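Student: To start, I am sharing the structure in question, which I have written as structure tokens.
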Amino acid sequence: MQNVTLNNGVEMPILGFGVFQIPDADTEKVVTDAIATGYRLLDTAVSYGNEEAVGRAIAASGVPRDELFVTTKLWIQDSRGGSAEDATKRSFEASLERLGVDYLDLYLIHQPFGDYYGEWRAMQDLHRQSLIRAIGVANFYPDRLVDLIEHNEITPAVNQIETHPFFQRTDYQKQMEELGVQIQSWGPFAEGRNNLFTDPTLTAIADAHGKSVAQVVLRWLTERGVVVIPKSVRPERMQQNFDIFDFTLTDEEMAHITTLDTGASLFFDHRDPDAVRRLSSREHN
């Protein structure tokens, strides 16, 4: 497996497995199949409601803990009854317990809302205690990312953001590289929107290599240096998504994919006030 090296020297697989929207009842089997396929980067979150199932699959896998790269995410903490620092540490401890591990490889602030400065201070402390190997963020736009970096000791190792052929984030990736922040894609297949799996440009490239559109998208992302966490509940698709390192896209093919970029989210804009209200009011475990 190809790795990327984060800004603190920690190595992270460039290809992993995500469990967003996988029902809790199905997650243990799905993650068990993913680990058996060869995935070692596992990505979950408090808000997904399936950390315990991921933990059961890890425990039953027989794979040594130090061979797995386990990521989870902190949801927006309600600090009105106390400090965000305390709430973050309680949430972190609960995630460790649900996952059945004694440390995390990567812990992310899931949304750039609420007292994420207090959350970050707590995460820096947990990192100093070696309870987390690397800390980062998700869904941070450039202004908030730079502000967080400028006013804190530790620069986020990762920013997990919507990245796919229709929202390519190329300029932002360059900015993050200059800041020492690794880009990670969520939604690499855009959840099939814009007819991604039948797109003529992607289909032509896939046919030229004897690969699927999904494999072309994942290869395009990893060739850009983007860490990616595709999801599937079917073992044959998991294997297909895993087998992307035996071909290379040409410069011309990469340029053709560039033409698909719309420059806008296909889901929601984190800078939209209504989106902020919706996310901030959601109840999670």
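Following the order of the structure tokens, chains are lettered A, B, ..., residues in each are numbered from 1, and ligands are numbered from 1.
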From a backbone DSSP assignment, name each residue in segment 55-92 of chain A labelled alpha helix (DSSP H), as a tab-separated table (two decimals) with N, CA and C atoms, in the first residue's frame.
Tutor:
```
chain	number	residue	atom	x	y	z
A	55	GLY	N	-15.24	-1.24	15.99
A	55	GLY	CA	-14.38	-1.78	17.03
A	55	GLY	C	-14.46	-3.30	17.12
A	56	ARG	N	-15.65	-3.84	16.98
A	56	ARG	CA	-15.80	-5.31	17.02
A	56	ARG	C	-15.07	-5.96	15.85
A	57	ALA	N	-15.16	-5.34	14.68
A	57	ALA	CA	-14.47	-5.88	13.51
A	57	ALA	C	-12.96	-5.82	13.69
A	58	ILE	N	-12.46	-4.73	14.27
A	58	ILE	CA	-11.02	-4.61	14.54
A	58	ILE	C	-10.58	-5.71	15.50
A	59	ALA	N	-11.34	-5.90	16.57
A	59	ALA	CA	-10.97	-6.89	17.59
A	59	ALA	C	-10.96	-8.31	17.02
A	60	ALA	N	-11.89	-8.59	16.12
A	60	ALA	CA	-12.00	-9.95	15.59
A	60	ALA	C	-11.07	-10.21	14.40
A	61	SER	N	-10.45	-9.16	13.89
A	61	SER	CA	-9.68	-9.30	12.64
A	61	SER	C	-8.39	-10.08	12.81
A	84	ALA	N	-15.62	23.48	26.16
A	84	ALA	CA	-15.45	22.62	25.00
A	84	ALA	C	-14.29	21.66	25.20
A	85	GLU	N	-13.27	22.11	25.94
A	85	GLU	CA	-12.14	21.23	26.22
A	85	GLU	C	-12.58	19.98	26.96
A	86	ASP	N	-13.36	20.17	28.03
A	86	ASP	CA	-13.83	19.03	28.81
A	86	ASP	C	-14.75	18.14	28.00
A	87	ALA	N	-15.66	18.76	27.25
A	87	ALA	CA	-16.60	17.99	26.43
A	87	ALA	C	-15.86	17.17	25.38
A	88	THR	N	-14.83	17.75	24.80
A	88	THR	CA	-14.03	17.04	23.79
A	88	THR	C	-13.34	15.83	24.38
A	89	LYS	N	-12.75	16.00	25.55
A	89	LYS	CA	-12.05	14.87	26.17
A	89	LYS	C	-13.01	13.75	26.57
A	90	ARG	N	-14.21	14.13	27.00
A	90	ARG	CA	-15.21	13.10	27.31
A	90	ARG	C	-15.63	12.36	26.05
A	91	SER	N	-15.83	13.10	24.96
A	91	SER	CA	-16.22	12.46	23.70
A	91	SER	C	-15.10	11.56	23.18
A	92	PHE	N	-13.88	12.02	23.31
A	92	PHE	CA	-12.73	11.22	22.89
A	92	PHE	C	-12.66	9.90	23.66
```
Student: Near Thr248 of chain A, counting only C-alpha atoms, which residues have an atom at most 9 Å away, once you skip same-chain residues fewer than 4 positions from it, shown as a list in words?
Tutor: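 Near Thr248 of chain A, the qualifying residues are His209, Arg219, Trp220, Glu223 and Ile244 of chain A.
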Student: Using only C-alpha atoms, I'd like a table of the residues in segment 99-162 of chain A that come within 10 Å of segment 31-52 of chain A; for each, show the closest atom pair and its distance in Å rounded to one decimal, ordered by chain and ascending number, as CSV.
Tutor:
```
residue,atom,partner,partner_atom,distance
A:Leu99,CA,A:Glu52,CA,5.3
A:Gly100,CA,A:Glu52,CA,7.7
A:Asp105,CA,A:Leu41,CA,9.3
A:Leu106,CA,A:Asp43,CA,9.1
A:Tyr107,CA,A:Ala45,CA,9.2
A:Leu108,CA,A:Ala45,CA,8.7
A:Ile109,CA,A:Ala45,CA,9.8
A:His110,CA,A:Ala45,CA,8.0
```
Student: Mind dumping the selected residues with N, CA and C atoms as a JSON list (two decimals), in the first residue's frame?
Tutor:
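Result went into again-v7.json, see below:
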```
[["chain", "number", "residue", "atom", "x", "y", "z"],
["A", 99, "LEU", "N", -14.65, 2.00, 20.26],
["A", 99, "LEU", "CA", -13.78, 1.38, 19.27],
["A", 99, "LEU", "C", -12.93, 0.25, 19.87],
["A", 100, "GLY", "N", -12.82, 0.22, 21.20],
["A", 100, "GLY", "CA", -12.04, -0.82, 21.85],
["A", 100, "GLY", "C", -10.55, -0.68, 21.63],
["A", 105, "ASP", "N", -5.12, 6.82, 15.63],
["A", 105, "ASP", "CA", -4.10, 7.26, 14.68],
["A", 105, "ASP", "C", -4.40, 8.66, 14.17],
["A", 106, "LEU", "N", -5.69, 8.97, 14.02],
["A", 106, "LEU", "CA", -6.08, 10.31, 13.55],
["A", 106, "LEU", "C", -7.42, 10.68, 14.16],
["A", 107, "TYR", "N", -7.51, 11.88, 14.71],
["A", 107, "TYR", "CA", -8.74, 12.40, 15.30],
["A", 107, "TYR", "C", -9.04, 13.72, 14.63],
["A", 108, "LEU", "N", -10.25, 13.85, 14.08],
["A", 108, "LEU", "CA", -10.61, 15.04, 13.32],
["A", 108, "LEU", "C", -11.76, 15.80, 13.98],
["A", 109, "ILE", "N", -11.69, 17.13, 13.94],
["A", 109, "ILE", "CA", -12.86, 17.97, 14.21],
["A", 109, "ILE", "C", -13.75, 17.85, 12.98],
["A", 110, "HIS", "N", -14.98, 17.38, 13.17],
["A", 110, "HIS", "CA", -15.82, 17.02, 12.04],
["A", 110, "HIS", "C", -16.39, 18.22, 11.29]]
```
Student: Go through segment 217-259 of chain A residue by residue and, counting only C-alpha atoms, keep those with an atom at most 6 Å from segment 179-195 of chain A; for each kept residue give the shortest atom pair and its distance in Å to one decimal, ordered by chain and increasing number, as a Markdown table.
Tutor:
```
| residue | atom | partner | partner_atom | distance |
| --- | --- | --- | --- | --- |
| A:Val226 | CA | A:Gln184 | CA | 5.5 |
| A:Val227 | CA | A:Gln184 | CA | 4.5 |
| A:Val228 | CA | A:Ser185 | CA | 5.0 |
```
Student: With N, CA and C atoms retained, write the just-selected residues as a short mmCIF file (atom, residue, chain, number, x, y, z; two decimals), in the first residue's frame.
Tutor:
```cif
data_model
loop_
_atom_site.label_atom_id
_atom_site.label_comp_id
_atom_site.auth_asym_id
_atom_site.auth_seq_id
_atom_site.Cartn_x
_atom_site.Cartn_y
_atom_site.Cartn_z
N VAL A 226 -4.07 12.69 -3.13
CA VAL A 226 -5.22 12.84 -2.25
C VAL A 226 -5.49 11.51 -1.56
N VAL A 227 -5.57 11.53 -0.23
CA VAL A 227 -5.97 10.33 0.52
C VAL A 227 -7.47 10.13 0.32
N VAL A 228 -7.87 8.89 0.10
CA VAL A 228 -9.26 8.62 -0.27
C VAL A 228 -9.82 7.44 0.52
#
```
Student: Give me the residues within 9 Å of Ser265 of chain A as a short mmCIF file (atom, residue, chain, number, x, y, z; two decimals) with C-alpha atoms, in the first residue's frame, counting only C-alpha atoms and dropping any in the same chain fewer than 5 places off.
Tutor:
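Written out: out-v7.cif:
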```cif
data_model
loop_
_atom_site.label_atom_id
_atom_site.label_comp_id
_atom_site.auth_asym_id
_atom_site.auth_seq_id
_atom_site.Cartn_x
_atom_site.Cartn_y
_atom_site.Cartn_z
CA GLU A 162 -15.53 16.97 -0.34
CA THR A 163 -13.32 16.12 -3.33
CA PHE A 166 -17.11 17.54 -10.12
CA PHE A 167 -15.56 19.46 -7.19
#
```
Student: Figure out the distance between atom CA of Leu249 of chain A and atom CA of Ala204 of chain A, please, to one decimal in Å.
Tutor: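 One can read the atom CA of Ala204 of chain A to atom CA of Leu249 of chain A distance as 12.1 Å.
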Student: Between A:Arg277, A:Arg234, A:Asp125, A:Asp261, which one has atoms that come closest to Asp171 of chain A, using only C-alpha atoms?
Tutor: A:Asp261
Student: Quick one: residues within 8 Å of Asp24 of chain A, only C-alpha atoms, excluding same-chain residues fewer than 2 positions away - as a ChimeraX atom specification?
Tutor: /A:22,26-28,49-50,53
Student: Between atom CA of Ile132 of chain A and atom CA of Tyr103 of chain A, what distance in Å does the model show, to one decimal?
Tutor: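 Going from atom CA of Ile132 of chain A over to atom CA of Tyr103 of chain A covers 5.7 Å.
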Student: Need the shell around Glu150 of chain A: protein/DNA/RNA residues with any atom at most 12 Å away, counting only C-alpha atoms. Skip same-chain ones fewer than 6 positions apart. Format as a PDB file with C-alpha atoms, in the first residue's frame?
Tutor:
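Final output, selection_3.pdb:
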```pdb
ATOM      1  CA  TYR A 117     -10.825  26.393  19.176  1.00  0.00           C
ATOM      2  CA  ASP A 143     -10.072  31.099   5.875  1.00  0.00           C
ATOM      3  CA  ARG A 144     -10.934  28.979   8.908  1.00  0.00           C
ATOM      4  CA  PRO A 156      -3.704  20.138  11.434  1.00  0.00           C
ATOM      5  CA  LEU A 179       0.610  24.919   4.871  1.00  0.00           C
TER       6      LEU A 179
END
```
Student: Rounded to one decimal place, report the atom CA of Leu6 of chain A-atom CA of Ala214 of chain A distance in Å.
Tutor: 25.9 Å
Student: Which is closest to Ile76 of chain A among A:Thr222, A:Gln239, A:Ser95, A:Gln111, if we use only C-alpha atoms?
Tutor: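 Answer, going by the shortest atom-to-atom distance: A:Gln111.
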Student: Near Asn241 of chain A, counting only C-alpha atoms, which residues have an atom at most 8 Å away, once you skip same-chain residues fewer than 4 positions from it, shown as JSON, numbers by chain?
Tutor: {"A": [214, 215, 218, 230, 237]}
Student: What would the file look like if the residues just selected were written as a PDB file, in the first residue's frame with N, CA and C atoms?
Tutor:
```
ATOM      1  N   ALA A 214     -15.141   3.732 -11.195  1.00  0.00           N
ATOM      2  CA  ALA A 214     -14.735   3.917  -9.800  1.00  0.00           C
ATOM      3  C   ALA A 214     -13.221   3.809  -9.650  1.00  0.00           C
ATOM      4  N   GLN A 215     -12.623   2.822 -10.304  1.00  0.00           N
ATOM      5  CA  GLN A 215     -11.167   2.673 -10.222  1.00  0.00           C
ATOM      6  C   GLN A 215     -10.445   3.866 -10.840  1.00  0.00           C
ATOM      7  N   LEU A 218     -10.621   6.792  -8.310  1.00  0.00           N
ATOM      8  CA  LEU A 218      -9.710   6.590  -7.182  1.00  0.00           C
ATOM      9  C   LEU A 218      -8.257   6.752  -7.615  1.00  0.00           C
ATOM     10  N   PRO A 230     -13.032   5.310  -0.008  1.00  0.00           N
ATOM     11  CA  PRO A 230     -14.279   4.855  -0.625  1.00  0.00           C
ATOM     12  C   PRO A 230     -15.030   3.895   0.286  1.00  0.00           C
ATOM     13  N   ARG A 237     -16.795  -5.210  -4.838  1.00  0.00           N
ATOM     14  CA  ARG A 237     -16.517  -3.796  -5.087  1.00  0.00           C
ATOM     15  C   ARG A 237     -15.369  -3.304  -4.205  1.00  0.00           C
TER      16      ARG A 237
END
```
Student: When DSSP is applied to the backbone of this structure, which of segment 23-164 of chain A are assigned strand (DSSP E or B)? Write them out as a list in words.
Tutor: Leu41, Leu42, Asp43, Phe69, Val70, Thr71, Thr72, Lys73, Leu74, Leu104, Leu106, Tyr107, Leu108, Ile109, Ile132, Ile135, Gly136, Val137, Ala138, Val158, Asn159, Gln160, Ile161, Glu162 and His164 of chain A
